[in-house]
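Student: What follows is protein.csv, CSV, C-alpha atoms.
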chain,number,residue,atom,x,y,z
A,1,MET,CA,121.2,119.4,63.3
A,2,VAL,CA,118.8,118.6,66.2
A,3,ASP,CA,115.1,118.9,65.5
A,4,GLY,CA,113.8,122.0,67.1
A,5,GLU,CA,110.5,120.3,68.1
A,6,LEU,CA,112.4,117.5,69.9
A,7,VAL,CA,114.4,120.1,71.8
A,8,ASN,CA,111.2,121.8,72.9
A,9,LYS,CA,109.7,118.5,74.1
A,10,VAL,CA,112.8,117.7,76.1
A,11,THR,CA,112.9,121.2,77.6
A,12,GLU,CA,109.2,120.9,78.6
A,13,GLN,CA,109.9,117.6,80.4
A,14,VAL,CA,112.8,119.0,82.3
A,15,VAL,CA,110.8,122.1,83.3
A,16,ARG,CA,107.9,119.9,84.5
A,17,MET,CA,110.3,117.7,86.6
A,18,LEU,CA,111.9,120.8,88.2
A,19,ARG,CA,108.5,122.3,89.1
A,20,GLN,CA,107.5,119.0,90.7
A,21,ARG,CA,110.5,119.3,92.9
A,22,GLY,CA,109.6,122.8,94.0
A,23,VAL,CA,112.2,124.7,91.9
A,24,ALA,CA,110.9,128.0,90.5
A,25,ILE,CA,111.3,128.5,86.8
A,26,THR,CA,111.9,131.9,85.2
A,27,PRO,CA,112.6,132.9,81.5
A,28,ALA,CA,116.3,133.0,80.6
A,29,ALA,CA,117.8,136.4,79.9
A,30,SER,CA,118.6,135.4,76.3
A,31,GLY,CA,115.0,134.3,75.8
A,32,SER,CA,116.2,131.0,74.5
A,33,GLY,CA,114.3,129.0,77.1
A,34,PRO,CA,113.4,128.6,80.8
A,35,THR,CA,115.9,128.3,83.5
A,36,ALA,CA,115.8,127.6,87.2
A,37,ALA,CA,116.0,130.8,89.3
A,38,PRO,CA,118.2,130.8,92.4
A,39,ALA,CA,116.0,131.0,95.5
A,40,ALA,CA,118.1,133.8,97.0
A,41,SER,CA,117.5,136.1,94.0
A,42,MET,CA,113.7,135.6,93.8
A,43,PRO,CA,111.3,138.3,94.8
A,44,THR,CA,109.7,137.9,98.2
A,45,GLY,CA,106.3,137.3,96.7
A,46,LEU,CA,107.6,134.3,94.7
A,47,LYS,CA,109.4,132.4,97.4
A,48,ALA,CA,106.4,130.2,98.0
A,49,GLU,CA,107.2,128.5,94.7
A,50,THR,CA,110.4,127.1,96.2
A,51,SER,CA,108.9,125.6,99.3
A,52,ALA,CA,109.7,122.0,99.2
A,53,SER,CA,106.8,119.6,99.0
A,54,PRO,CA,106.6,116.9,101.7
A,55,ALA,CA,109.2,114.3,101.2
A,56,LYS,CA,107.9,110.9,100.0
A,57,LYS,CA,108.1,108.1,102.4
A,58,VAL,CA,111.0,105.7,101.9
A,59,PHE,CA,110.4,102.2,103.3
A,60,ILE,CA,113.5,100.5,104.8
A,61,THR,CA,113.4,96.7,104.6
A,62,ALA,CA,115.2,94.3,106.9
A,63,GLU,CA,117.8,93.7,104.2
A,64,MET,CA,118.4,97.4,103.6
A,65,LEU,CA,118.7,97.9,107.4
A,66,ALA,CA,121.1,95.0,107.8
A,67,HIS,CA,123.4,96.6,105.0
A,68,ARG,CA,123.2,100.0,106.7
A,69,LEU,CA,124.2,98.4,110.1
A,70,ALA,CA,127.0,96.5,108.5
A,71,ALA,CA,128.4,99.7,107.0
A,72,ALA,CA,128.0,101.9,110.1
A,73,GLY,CA,128.7,99.3,112.8
A,74,GLY,CA,127.3,99.4,116.3
A,75,GLY,CA,123.7,99.0,117.4
A,76,LEU,CA,122.3,102.4,116.5
A,77,VAL,CA,119.9,102.9,113.6
A,78,GLU,CA,119.7,106.4,112.1
A,79,LEU,CA,116.5,107.2,110.2
A,80,ALA,CA,115.8,110.3,108.1
A,81,GLY,CA,112.5,112.1,108.7
A,82,ASN,CA,110.8,110.4,105.8
A,83,GLU,CA,112.2,106.9,106.3
A,84,VAL,CA,109.8,104.2,107.7
A,85,LEU,CA,110.7,100.7,108.9
A,86,THR,CA,108.8,97.8,107.3
A,87,PRO,CA,107.5,95.1,109.7
A,88,ASN,CA,110.4,92.8,109.0
A,89,ALA,CA,112.8,95.7,109.7
A,90,VAL,CA,111.0,96.2,113.0
A,91,ASP,CA,111.5,92.5,113.7
A,92,LEU,CA,115.2,93.0,113.1
A,93,VAL,CA,115.3,96.0,115.5
A,94,ASP,CA,113.6,93.9,118.2
A,95,GLN,CA,115.7,90.8,117.7
A,96,ARG,CA,119.0,92.7,117.8
A,97,ARG,CA,117.8,95.1,120.5
A,98,LEU,CA,118.8,98.1,118.4
A,99,ILE,CA,118.4,101.8,119.3
A,100,VAL,CA,116.4,103.8,116.7
A,101,ARG,CA,117.1,107.5,116.3
A,102,ARG,CA,115.2,109.8,114.0
A,103,ALA,CA,116.8,113.0,112.6
A,104,SER,CA,115.1,116.2,113.7
A,105,GLY,CA,114.4,119.2,111.5
A,106,ALA,CA,117.6,120.9,112.9
A,107,GLY,CA,119.7,118.1,111.7
A,108,THR,CA,120.3,116.6,115.2
A,109,SER,CA,119.1,113.2,116.3
A,110,SER,CA,116.7,112.4,119.1
A,111,PRO,CA,115.9,109.0,120.4
A,112,SER,CA,112.7,107.4,119.3
A,113,ALA,CA,111.3,103.9,119.7
A,114,ALA,CA,110.7,101.6,116.8
A,115,PRO,CA,107.2,102.0,115.2
A,116,GLN,CA,104.4,100.3,117.2
A,117,THR,CA,101.6,98.4,115.4
A,118,THR,CA,99.4,98.5,118.6
A,119,PRO,CA,99.2,100.9,121.5
A,120,PRO,CA,100.9,99.8,124.8
A,121,CYS,CA,98.6,97.6,126.8
A,122,ALA,CA,97.4,98.3,130.3
A,123,CYS,CA,95.6,95.0,130.8
A,124,GLY,CA,95.6,92.0,133.1
A,125,VAL,CA,98.4,89.4,133.3
A,126,ILE,CA,98.9,87.1,130.4
A,127,GLY,CA,100.1,83.6,131.2
A,128,ILE,CA,102.6,82.1,128.8
A,129,ILE,CA,104.4,78.8,128.2
A,130,THR,CA,107.1,78.2,125.6
A,131,HIS,CA,108.6,75.0,124.2
A,132,ARG,CA,111.9,74.9,122.4
A,133,PRO,CA,112.0,78.7,122.2
A,134,ASP,CA,114.5,80.2,119.8
A,135,GLU,CA,115.9,83.7,119.5
A,136,LYS,CA,112.8,84.9,117.7
A,137,VAL,CA,110.6,83.8,120.6
A,138,ARG,CA,112.8,85.5,123.1
A,139,GLY,CA,112.7,88.7,121.1
A,140,VAL,CA,108.9,88.6,121.0
A,141,LEU,CA,108.7,88.2,124.8
A,142,SER,CA,111.1,91.0,125.2
A,143,ALA,CA,109.0,93.2,122.9
A,144,LEU,CA,105.9,92.5,125.0
A,145,GLY,CA,107.6,93.8,128.0
A,146,ARG,CA,108.5,97.0,126.2
A,147,GLU,CA,104.8,97.3,125.1
A,148,GLY,CA,103.7,97.2,128.8
A,149,VAL,CA,102.2,93.7,128.7
A,150,ALA,CA,102.4,91.9,132.1
A,151,VAL,CA,103.5,88.3,131.6
A,152,ARG,CA,103.5,85.3,133.9
A,153,ASP,CA,105.6,82.4,132.9
A,154,PHE,CA,104.1,79.0,133.5
A,155,THR,CA,106.9,77.0,131.9
A,156,GLN,CA,108.3,74.6,134.4
A,157,GLY,CA,110.4,71.7,133.1
A,158,ASP,CA,110.6,70.3,129.6
A,159,CYS,CA,107.2,68.6,129.3
A,160,TRP,CA,105.0,71.0,127.3
A,161,ILE,CA,101.9,68.9,128.1
A,162,THR,CA,102.3,69.4,131.8
A,163,ASN,CA,103.0,73.1,131.3
A,164,LEU,CA,100.0,73.6,129.0
A,165,ARG,CA,97.6,71.8,131.4
A,166,ARG,CA,98.9,74.1,134.2
A,167,LEU,CA,98.4,77.2,132.0
A,168,CYS,CA,94.9,76.0,131.0
A,169,GLN,CA,93.9,75.5,134.7
A,170,ALA,CA,95.1,79.1,135.5
A,171,VAL,CA,93.1,80.5,132.6
A,172,ALA,CA,89.9,78.6,133.6
A,173,ALA,CA,90.3,79.6,137.2
A,174,GLY,CA,90.7,83.3,136.3
A,175,GLU,CA,94.3,83.5,137.7
A,176,VAL,CA,95.3,85.2,134.5
A,177,ALA,CA,93.4,87.3,131.9
A,178,ALA,CA,94.3,84.9,129.1
A,179,GLY,CA,97.0,82.5,128.1
A,180,ALA,CA,99.4,81.9,125.2
A,181,ALA,CA,101.2,78.7,124.3
A,182,ILE,CA,104.2,79.4,122.0
A,183,LEU,CA,105.2,76.0,120.6
A,184,PRO,CA,106.9,74.6,117.5
A,185,TYR,CA,103.5,73.1,116.4
A,186,ALA,CA,100.0,73.9,117.3
A,187,ALA,CA,97.7,71.0,116.4
A,188,ASP,CA,98.5,68.9,119.5
A,189,ALA,CA,98.1,71.8,121.9
A,190,MET,CA,94.8,72.8,120.3
A,191,VAL,CA,93.4,69.3,120.9
A,192,LEU,CA,94.6,69.3,124.5
A,193,ALA,CA,93.5,72.8,125.4
A,194,GLY,CA,90.1,72.3,123.8
A,195,LYS,CA,89.4,69.5,126.4
A,196,VAL,CA,89.8,71.8,129.4
A,197,LYS,CA,86.4,73.2,130.6
A,198,GLY,CA,86.4,77.0,130.5
A,199,VAL,CA,89.3,77.3,128.0
A,200,ARG,CA,88.5,78.5,124.5
A,201,PRO,CA,91.6,78.2,122.3
A,202,VAL,CA,92.4,79.8,119.0
A,203,GLN,CA,95.3,78.9,116.8
A,204,GLY,CA,97.3,82.0,115.8
A,205,THR,CA,97.4,82.2,112.0
A,206,ARG,CA,96.6,85.8,111.4
A,207,THR,CA,96.0,88.8,113.6
A,208,GLU,CA,92.5,89.3,112.1
A,209,SER,CA,91.6,85.7,112.9
A,210,VAL,CA,92.6,86.1,116.5
A,211,ALA,CA,90.6,89.3,116.8
A,212,ALA,CA,87.6,87.6,115.3
A,213,ALA,CA,87.9,84.7,117.8
A,214,LEU,CA,88.1,87.2,120.7
A,215,ARG,CA,84.9,88.9,119.5
A,216,HIS,CA,82.9,85.8,118.4
A,217,PHE,CA,83.5,83.3,121.2
A,218,GLY,CA,85.7,84.9,123.8
A,219,ALA,CA,88.9,83.1,123.0
A,220,ASN,CA,91.2,83.1,126.0
A,221,LEU,CA,94.0,80.9,124.9
A,222,LEU,CA,96.3,81.6,121.9
A,223,VAL,CA,98.4,78.8,120.5
A,224,LEU,CA,101.2,80.0,118.3
A,225,GLU,CA,103.5,77.9,116.0
A,226,HIS,CA,106.8,79.7,116.3
A,227,ALA,CA,108.3,77.4,113.7
A,228,PHE,CA,106.1,78.9,111.0
A,229,SER,CA,105.4,82.5,112.3
A,230,THR,CA,107.5,85.6,112.0
A,231,HIS,CA,108.5,87.8,114.9
A,232,HIS,CA,106.1,90.5,113.7
A,233,GLN,CA,103.1,88.1,113.3
A,234,MET,CA,103.5,86.6,116.8
A,235,ARG,CA,104.0,90.0,118.4
A,236,ALA,CA,100.8,91.4,116.7
A,237,MET,CA,98.7,88.4,117.7
A,238,LEU,CA,99.9,88.5,121.3
A,239,LEU,CA,99.1,92.2,121.5
A,240,ALA,CA,95.6,91.5,120.2
A,241,LEU,CA,95.2,88.9,122.9
A,242,ALA,CA,96.5,91.2,125.6
A,243,GLY,CA,94.2,94.0,124.4
A,244,GLY,CA,91.2,92.1,125.6
A,245,GLY,CA,87.9,92.6,123.8
A,246,ARG,CA,86.8,89.1,124.6
A,247,ALA,CA,83.1,88.4,124.2
A,248,ALA,CA,80.9,85.4,123.9
A,249,GLY,CA,77.6,86.7,122.6
A,250,GLY,CA,75.3,85.4,119.9
A,251,ALA,CA,74.4,81.9,118.9
A,252,LEU,CA,78.0,80.6,119.1
A,253,GLY,CA,78.5,81.9,122.6
A,254,ALA,CA,75.2,80.4,123.8
A,255,ALA,CA,76.2,77.0,122.2
A,256,LEU,CA,79.6,77.1,123.9
A,257,VAL,CA,78.0,77.8,127.3
A,258,GLU,CA,75.6,75.0,126.8
A,259,LEU,CA,78.3,72.5,125.9
A,260,GLU,CA,80.5,73.6,128.9
A,261,ARG,CA,77.6,73.0,131.2
A,262,ALA,CA,76.9,69.5,129.9
The structure in this file should be written as structure tokens.

Tutor:
Amino acid sequence: MVDGELVNKVTEQVVRMLRQRGVAITPAASGSGPTAAPAASMPTGLKAETSASPAKKVFITAEMLAHRLAAAGGGLVELAGNEVLTPNAVDLVDQRRLIVRRASGAGTSSPSAAPQTTPPCACGVIGIITHRPDEKVRGVLSALGREGVAVRDFTQGDCWITNLRRLCQAVAAGEVAAGAAILPYAADAMVLAGKVKGVRPVQGTRTESVAAALRHFGANLLVLEHAFSTHHQMRAMLLALAGGGRAAGGALGAALVELERA
């Protein structure tokens, strides 16, 4: 025979789980234990007990999204109301230029854009050069256009040194609001850009570091290593650059001005 105390414990756990899911519980007619009451048979005053609690967010990773696309085919991503794309999944959407649709309350689907990490920009033109760009870089530049960032390409020919010097001259002369060099490696470009008067480069390692450089010393040239950065990281740092907020106050700003005048 089953221990009566054990049965009661199991019953209590089931009841607790059902109540957490918004299911109303009423005593069974036989008095043997609780049972779930059908919503349609409940008194009007008790229907609030069956109202569903907000659905928990479900995060869709890039791997999960790829499996879903492989099963469904095509370039359309269908998301439920509580599903959220992770940054890597957003990268996949941008790279494959997928269409994201989110189900409405009525069960129909309406078009919606992929989640944005930063509001669209309405700033000046950003000068950009690239060297050995891959599909990831092209996806980032395409994403910038969708964010409303105006870009001017200074890439002419295969010599990144010549292209970078031309970009630095444009930044120093105020022809563009800021510049970005998207290269496989950053160290060489940082050395070269740092020698141009009026150019204050920052290497893109993290979005927070770029934002700090904008505030602390008015960084106006972002150097990105696309060989070691993800699509999401580059996109976020470029949007931070395009968002402006450049300043050069404090002791650091004064020291830079003094050095540039020397």

Student: How many Å separate CA of Val171 in chain A from CA of His216 in chain A?

Tutor: 18.3 Å

Student: Kindly indicate which residue among A:Val151, A:Val210, A:Met190, A:Met234 lies nearest to Leu164 in chain A, using all atoms listed in the file for the distances.

Tutor: A:Met190

Student: Please report the interatomic distance between CA of Gly194 in chain A and CA of Thr207 in chain A in Å with one decimal.

Tutor: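 Result for CA of Gly194 in chain A versus CA of Thr207 in chain A: 20.3 Å, one decimal.
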
Student: Measuring atom to atom with only C-alpha atoms, identify which of A:Leu214, A:Leu144, A:Val100, A:Ala72 is nearest to Ala236 in chain A.

Tutor: A:Leu144

Student: Mind listing as JSON, numbers by chain all residues within 7 Å of (95.1, 86.7, 133.1), counting all atoms listed in the file?

Tutor: {"A": [124, 125, 126, 127, 171, 174, 175, 176, 177, 178, 179]}

Student: Given the choices A:Ile60, A:Asp94, A:Lys197, A:Ile99, which gets closest to Leu76 in chain A if the distance is worked out from only C-alpha atoms?

Tutor: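 Among the listed residues, A:Ile99 lies closest to Leu76 in chain A.
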
Student: Separation of CA of Gly145 in chain A and CA of Leu85 in chain A, in Å?

Tutor: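 Atom-to-atom, CA of Gly145 in chain A and CA of Leu85 in chain A are spaced 20.5 Å apart.
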
Student: What's the 6 Å shell around Leu222 in chain A, counting only C-alpha atoms, without same-chain residues fewer than 3 positions away, as number ranges by chain?

Tutor: A: 180, 201-203

Student: In file coordinates, which residues lie within 6 Å of (106.4, 75.3, 131.1) using all atoms listed in the file, given as a list of chain:residue names?

Tutor: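 Neighbouring residues, ordered by chain and number, come to A:Ile129, A:Phe154, A:Thr155, A:Gln156, A:Gly157, A:Trp160, A:Asn163.
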
Student: For His131 in chain A, which of A:Leu65, A:Val77, A:Val58, A:Val223 is the closest residue, counting all atoms listed in the file?

Tutor: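 When distances to His131 in chain A are compared using all atoms listed in the file, the smallest one comes from A:Val223.
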
Student: Between A:Ile128, A:Leu241, A:Glu147, A:Ala66, which has the minimum distance to Leu167 in chain A (counting all atoms listed in the file)?

Tutor: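 Checking each candidate against Leu167 in chain A, we get A:Ile128 as the closest.
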
Student: Calculated over only C-alpha atoms, which of the candidates A:Asp188, A:Glu208, A:Asp91, A:Asp153 has the smallest distance to Glu135 in chain A?

Tutor: A:Asp91

Student: So that I can check the surroundings of Cys168 in chain A, please list as a ChimeraX atom specification every protein, DNA and RNA residue that reaches within 7 Å of it, counting only C-alpha atoms and ignoring chain neighbours fewer than 5 positions away.

Tutor: /A:193,196,199

Student: Contacts of Gln95 in chain A at 9 Å or less, counting all atoms listed in the file, minus same-chain residues fewer than 6 places along, as JSON, numbers by chain?

Tutor: {"A": [135, 136, 138, 139, 140, 142, 143, 231]}

Student: Neighbours of range 227-230 of chain A within 9 Å (only C-alpha atoms; same-chain residues fewer than 6 positions away dropped), as a tab-separated table (two decimals) with C-alpha atoms, in the coordinates of the input?

Tutor:
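File written: part-v4.tsv
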chain	number	residue	atom	x	y	z
A	88	ASN	CA	110.40	92.80	109.00
A	91	ASP	CA	111.50	92.50	113.70
A	136	LYS	CA	112.80	84.90	117.70
A	183	LEU	CA	105.20	76.00	120.60
A	184	PRO	CA	106.90	74.60	117.50
A	185	TYR	CA	103.50	73.10	116.40
A	204	GLY	CA	97.30	82.00	115.80
A	205	THR	CA	97.40	82.20	112.00

Student: As a tab-separated table (two decimals), keeping the file's coordinate frame, please: range 160-177 of chain A completed to N, CA and C atoms.

Tutor:
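Output file result_0.tsv follows:
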chain	number	residue	atom	x	y	z
A	160	TRP	N	105.92	69.95	127.70
A	160	TRP	CA	105.00	71.00	127.30
A	160	TRP	C	103.54	70.63	127.64
A	161	ILE	N	103.25	69.32	127.71
A	161	ILE	CA	101.90	68.90	128.10
A	161	ILE	C	101.56	69.29	129.49
A	162	THR	N	102.48	69.03	130.41
A	162	THR	CA	102.30	69.40	131.80
A	162	THR	C	102.16	70.93	131.93
A	163	ASN	N	103.03	71.63	131.24
A	163	ASN	CA	103.00	73.10	131.30
A	163	ASN	C	101.71	73.66	130.73
A	164	LEU	N	101.23	73.08	129.62
A	164	LEU	CA	100.00	73.60	129.00
A	164	LEU	C	98.80	73.29	129.92
A	165	ARG	N	98.76	72.13	130.54
A	165	ARG	CA	97.60	71.80	131.40
A	165	ARG	C	97.63	72.81	132.61
A	166	ARG	N	98.81	73.13	133.14
A	166	ARG	CA	98.90	74.10	134.20
A	166	ARG	C	98.41	75.46	133.79
A	167	LEU	N	98.79	75.87	132.58
A	167	LEU	CA	98.40	77.20	132.00
A	167	LEU	C	96.85	77.18	131.83
A	168	CYS	N	96.29	76.11	131.28
A	168	CYS	CA	94.90	76.00	131.00
A	168	CYS	C	94.07	76.13	132.35
A	169	GLN	N	94.57	75.47	133.38
A	169	GLN	CA	93.90	75.50	134.70
A	169	GLN	C	93.89	76.96	135.23
A	170	ALA	N	95.01	77.68	135.03
A	170	ALA	CA	95.10	79.10	135.50
A	170	ALA	C	94.14	79.95	134.72
A	171	VAL	N	94.00	79.72	133.40
A	171	VAL	CA	93.10	80.50	132.60
A	171	VAL	C	91.64	80.24	133.01
A	172	ALA	N	91.30	78.95	133.18
A	172	ALA	CA	89.90	78.60	133.60
A	172	ALA	C	89.57	79.12	134.93
A	173	ALA	N	90.54	79.18	135.83
A	173	ALA	CA	90.30	79.60	137.20
A	173	ALA	C	90.31	81.17	137.31
A	174	GLY	N	90.69	81.85	136.24
A	174	GLY	CA	90.70	83.30	136.30
A	174	GLY	C	91.98	83.87	136.94
A	175	GLU	N	93.03	83.03	137.08
A	175	GLU	CA	94.30	83.50	137.70
A	175	GLU	C	95.00	84.49	136.75
A	176	VAL	N	94.77	84.35	135.46
A	176	VAL	CA	95.30	85.20	134.50
A	176	VAL	C	94.22	85.67	133.51
A	177	ALA	N	94.42	86.80	132.85
A	177	ALA	CA	93.40	87.30	131.90
A	177	ALA	C	93.25	86.42	130.71
